[in-house]
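Novice: Contents of start31.cif (mmCIF, C-alpha atoms, pLDDT in the B column; chains and numbers go by the auth columns):
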data_final
loop_
_atom_site.group_PDB
_atom_site.id
_atom_site.type_symbol
_atom_site.label_atom_id
_atom_site.label_comp_id
_atom_site.label_asym_id
_atom_site.label_seq_id
_atom_site.Cartn_x
_atom_site.Cartn_y
_atom_site.Cartn_z
_atom_site.B_iso_or_equiv
_atom_site.auth_seq_id
_atom_site.auth_asym_id
ATOM 1 C CA MET A 1 53.464 53.936 136.790 63.00 1 V
ATOM 2 C CA ALA A 2 54.207 57.595 137.451 84.00 2 V
ATOM 3 C CA LEU A 3 52.312 59.501 140.088 93.00 3 V
ATOM 4 C CA LYS A 4 49.757 62.022 138.840 92.00 4 V
ATOM 5 C CA SER A 5 51.040 64.470 141.430 92.00 5 V
ATOM 6 C CA ALA A 6 54.560 64.373 139.873 93.00 6 V
ATOM 7 C CA ALA A 7 53.209 66.718 137.173 90.00 7 V
ATOM 8 C CA LEU A 8 51.725 68.932 139.891 89.00 8 V
ATOM 9 C CA PHE A 9 55.131 69.349 141.546 91.00 9 V
ATOM 10 C CA GLU A 10 56.651 70.114 138.118 90.00 10 V
ATOM 11 C CA LYS A 11 54.042 72.846 137.641 87.00 11 V
ATOM 12 C CA MET A 12 54.853 74.239 141.074 87.00 12 V
ATOM 13 C CA ASP A 13 58.457 74.955 140.020 88.00 13 V
ATOM 14 C CA PRO A 14 57.786 78.002 137.779 88.00 14 V
ATOM 15 C CA PHE A 15 55.078 79.168 140.223 85.00 15 V
ATOM 16 C CA ILE A 16 57.582 79.145 143.101 89.00 16 V
ATOM 17 C CA LYS A 17 60.208 80.823 140.909 86.00 17 V
ATOM 18 C CA SER A 18 57.788 83.673 140.129 89.00 18 V
ATOM 19 C CA GLN A 19 56.282 84.059 143.633 87.00 19 V
ATOM 20 C CA GLY A 20 59.114 82.593 145.711 87.00 20 V
ATOM 21 C CA ALA A 21 60.608 85.629 147.457 90.00 21 V
ATOM 22 C CA GLU A 22 57.151 86.712 148.650 91.00 22 V
ATOM 23 C CA LEU A 23 56.258 83.162 149.750 90.00 23 V
ATOM 24 C CA VAL A 24 59.538 82.773 151.657 94.00 24 V
ATOM 25 C CA LYS A 25 58.763 85.951 153.657 93.00 25 V
ATOM 26 C CA LYS A 26 55.240 84.739 154.383 92.00 26 V
ATOM 27 C CA ILE A 27 55.804 80.990 154.989 94.00 27 V
ATOM 28 C CA ASN A 28 59.428 80.561 156.185 96.00 28 V
ATOM 29 C CA ALA A 29 59.325 76.736 156.228 96.00 29 V
ATOM 30 C CA ILE A 30 60.610 73.665 154.383 97.00 30 V
ATOM 31 C CA TYR A 31 58.123 70.897 153.542 97.00 31 V
ATOM 32 C CA PHE A 32 58.569 67.298 152.489 97.00 32 V
ATOM 33 C CA PHE A 33 55.722 65.704 150.551 96.00 33 V
ATOM 34 C CA GLU A 34 55.714 61.901 150.686 97.00 34 V
ATOM 35 C CA VAL A 35 53.274 60.730 148.023 97.00 35 V
ATOM 36 C CA SER A 36 52.614 57.074 147.209 97.00 36 V
ATOM 37 C CA LYS A 37 50.386 55.352 144.650 96.00 37 V
ATOM 38 C CA ALA A 38 48.584 53.460 147.434 94.00 38 V
ATOM 39 C CA LYS A 39 48.797 53.211 151.224 91.00 39 V
ATOM 40 C CA GLY A 40 51.758 51.154 152.334 90.00 40 V
ATOM 41 C CA GLU A 41 53.733 51.597 149.103 94.00 41 V
ATOM 42 C CA THR A 42 57.113 53.319 149.072 95.00 42 V
ATOM 43 C CA PRO A 43 56.492 57.025 148.565 96.00 43 V
ATOM 44 C CA GLU A 44 58.143 59.429 146.183 97.00 44 V
ATOM 45 C CA VAL A 45 59.362 62.522 148.022 97.00 45 V
ATOM 46 C CA TRP A 46 59.481 66.172 147.005 97.00 46 V
ATOM 47 C CA THR A 47 60.978 69.052 148.964 97.00 47 V
ATOM 48 C CA VAL A 48 59.254 72.427 148.812 95.00 48 V
ATOM 49 C CA ASP A 49 61.628 75.004 150.303 96.00 49 V
ATOM 50 C CA LEU A 50 59.812 78.203 151.224 95.00 50 V
ATOM 51 C CA LYS A 51 62.458 79.211 153.754 96.00 51 V
ATOM 52 C CA ASN A 52 65.659 79.927 151.811 95.00 52 V
ATOM 53 C CA GLY A 53 66.424 82.432 149.055 94.00 53 V
ATOM 54 C CA SER A 54 63.549 82.708 146.594 93.00 54 V
ATOM 55 C CA GLY A 55 62.169 79.260 147.393 94.00 55 V
ATOM 56 C CA SER A 56 62.671 76.055 145.442 94.00 56 V
ATOM 57 C CA ILE A 57 61.247 72.640 144.733 94.00 57 V
ATOM 58 C CA ALA A 58 63.263 69.449 144.343 95.00 58 V
ATOM 59 C CA LYS A 59 62.698 65.721 143.978 96.00 59 V
ATOM 60 C CA GLY A 60 63.935 63.855 147.047 97.00 60 V
ATOM 61 C CA ARG A 61 64.745 65.146 150.521 97.00 61 V
ATOM 62 C CA VAL A 62 66.749 68.370 150.601 96.00 62 V
ATOM 63 C CA GLY A 63 67.682 69.849 153.955 95.00 63 V
ATOM 64 C CA THR A 64 65.562 69.370 157.065 97.00 64 V
ATOM 65 C CA ALA A 65 61.794 69.681 156.839 98.00 65 V
ATOM 66 C CA ASP A 66 59.783 71.795 159.253 98.00 66 V
ATOM 67 C CA ALA A 67 56.783 69.625 158.369 97.00 67 V
ATOM 68 C CA THR A 68 56.233 66.451 156.345 98.00 68 V
ATOM 69 C CA PHE A 69 52.947 65.633 154.605 97.00 69 V
ATOM 70 C CA THR A 70 52.267 61.978 153.761 97.00 70 V
ATOM 71 C CA MET A 71 49.375 60.971 151.496 96.00 71 V
ATOM 72 C CA VAL A 72 48.371 58.891 148.504 97.00 72 V
ATOM 73 C CA ASP A 73 48.495 60.319 144.997 96.00 73 V
ATOM 74 C CA ASP A 74 44.724 60.558 144.439 96.00 74 V
ATOM 75 C CA ASP A 75 44.244 62.492 147.709 95.00 75 V
ATOM 76 C CA MET A 76 47.098 64.875 146.837 93.00 76 V
ATOM 77 C CA MET A 77 45.469 65.605 143.481 91.00 77 V
ATOM 78 C CA ALA A 78 42.028 66.044 145.065 92.00 78 V
ATOM 79 C CA MET A 79 43.513 68.535 147.523 89.00 79 V
ATOM 80 C CA ALA A 80 45.313 70.437 144.736 86.00 80 V
ATOM 81 C CA GLN A 81 42.084 70.647 142.755 86.00 81 V
ATOM 82 C CA GLY A 82 40.110 71.927 145.735 86.00 82 V
ATOM 83 C CA LYS A 83 38.005 68.755 145.985 91.00 83 V
ATOM 84 C CA LEU A 84 39.541 67.738 149.326 91.00 84 V
ATOM 85 C CA ASN A 85 39.926 70.182 152.210 89.00 85 V
ATOM 86 C CA PRO A 86 43.333 69.752 153.926 88.00 86 V
ATOM 87 C CA GLN A 87 41.802 69.840 157.424 89.00 87 V
ATOM 88 C CA GLN A 88 39.259 67.189 156.455 92.00 88 V
ATOM 89 C CA ALA A 89 42.008 65.098 154.840 93.00 89 V
ATOM 90 C CA PHE A 90 43.973 65.218 158.092 93.00 90 V
ATOM 91 C CA MET A 91 40.939 64.456 160.282 94.00 91 V
ATOM 92 C CA GLN A 92 39.908 61.535 158.024 96.00 92 V
ATOM 93 C CA GLY A 93 43.427 60.089 158.126 96.00 93 V
ATOM 94 C CA LYS A 94 43.986 60.717 154.409 96.00 94 V
ATOM 95 C CA MET A 95 46.929 62.984 155.175 96.00 95 V
ATOM 96 C CA LYS A 96 49.516 62.496 157.906 96.00 96 V
ATOM 97 C CA ILE A 97 51.567 65.412 159.189 96.00 97 V
ATOM 98 C CA LYS A 98 54.868 65.076 161.019 97.00 98 V
ATOM 99 C CA GLY A 99 56.812 67.961 162.484 97.00 99 V
ATOM 100 C CA ASN A 100 55.858 71.522 163.298 97.00 100 V
ATOM 101 C CA MET A 101 52.067 71.853 163.122 94.00 101 V
ATOM 102 C CA ALA A 102 52.230 75.666 163.024 94.00 102 V
ATOM 103 C CA ALA A 103 54.469 75.433 159.937 95.00 103 V
ATOM 104 C CA ALA A 104 52.197 72.767 158.438 94.00 104 V
ATOM 105 C CA THR A 105 49.119 75.001 158.696 91.00 105 V
ATOM 106 C CA LYS A 106 50.876 77.709 156.640 91.00 106 V
ATOM 107 C CA PHE A 107 50.961 75.439 153.582 89.00 107 V
ATOM 108 C CA THR A 108 47.516 75.817 152.064 81.00 108 V
ATOM 109 C CA PRO A 109 46.138 74.715 148.676 72.00 109 V
ATOM 110 C CA ASP A 110 46.344 78.320 147.434 72.00 110 V
ATOM 111 C CA LEU A 111 50.127 77.763 147.283 73.00 111 V
ATOM 112 C CA LEU A 112 49.505 75.132 144.602 70.00 112 V
ATOM 113 C CA PRO A 113 49.205 76.186 140.945 64.00 113 V
ATOM 114 C CA LYS A 114 45.618 77.065 140.052 60.00 114 V
ATOM 115 C CA ASP A 115 45.786 75.073 136.800 59.00 115 V
ATOM 116 C CA ALA A 116 46.408 71.834 138.670 46.00 116 V
ATOM 117 C CA LYS A 117 43.516 70.175 136.807 47.00 117 V
ATOM 118 C CA LEU A 118 45.859 67.755 135.073 43.00 118 V
#
Once you've parsed the file, please lay out its structure as structure tokens.

Specialist:
Amino acid sequence: MALKSAALFEKMDPFIKSQGAELVKKINAIYFFEVSKAKGETPEVWTVDLKNGSGSIAKGRVGTADATFTMVDDDMMAMAQGKLNPQQAFMQGKMKIKGNMAAATKFTPDLLPKDAKL
């Protein structure tokens, strides 16, 4: 069964294309999102590049991430919809972060499309 957040990453593509150059100046980081249906399952991975050119999003690992976010699909969707605060998700163990914490804190839910209510 497909992840609900797969559609979210698809919606991010045109958003990044329209805002990318500005986001790259502001963020200057590459993120991997490892999202799985349930804890312990093999995750699907997306790369959000807000470091090069006008930014991009791709399925799979592209380049080297400055920070990697790992979470389950339902928590990713809750975060995108503003129902789950990223700091709380991290503190509650719902989201794991590997890599550069300063880079990780630059990726906030306002970088996600506002119409993420899928």

Novice: For the file shown, report as a list in words the outcome of the PyMOL selection byres ((chain V and resi 12-18) around 10) at residue level.

Specialist: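 Here the PyMOL selection byres ((chain V and resi 12-18) around 10) matches Ala6, Ala7, Leu8, Phe9, Glu10, Lys11, Gln19, Gly20, Ala21, Glu22, Leu23, Val24, Val48, Asp49, Leu50, Ser54, Gly55, Ser56, Ile57, Ala58, Leu111, Leu112, Pro113, Lys114 and Ala116 of chain V.
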
Novice: Restricting the calculation to only C-alpha atoms, which member of V:Met91, V:Ala38, V:Val45, V:Ile30 is positioned closest to Asp75 in chain V?

Specialist: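 Ranking V:Met91, V:Ala38, V:Val45, V:Ile30 by distance to Asp75 in chain V, first place goes to V:Ala38.
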
Novice: Please indicate the distance in Å from CA of Lys26 in chain V to CA of Gln81 in chain V, rounded to one decimal place.

Specialist: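 So the answer is 22.5 Å.
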
Novice: From the set V:Thr68, V:Lys51, V:Met76, V:Arg61, which residue has the shortest atom-to-atom contact distance to Lys37 in chain V, counting all atoms listed in the file?

Specialist: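 Closest residue, counting all atoms listed in the file: V:Met76.
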
Novice: Evaluate the PyMOL selection byres ((chain V and resi 69) around 12) on the structure here and hand back the selected residues as a VMD selection string.

Specialist: chain V and resid 30 to 36 43 to 48 65 to 68 70 to 73 75 to 76 86 89 to 90 93 to 101 103 to 105 107 to 108

Novice: One number please: CA of Val62 in chain V to CA of Gln92 in chain V, in Å, one decimal.

Specialist: 28.7 Å

Novice: Report, in Å to a single decimal, how far apart CA of Glu41 in chain V and CA of Asp74 in chain V are.

Specialist: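 About the pair CA of Asp74 in chain V and CA of Glu41 in chain V: they are 13.5 Å apart.
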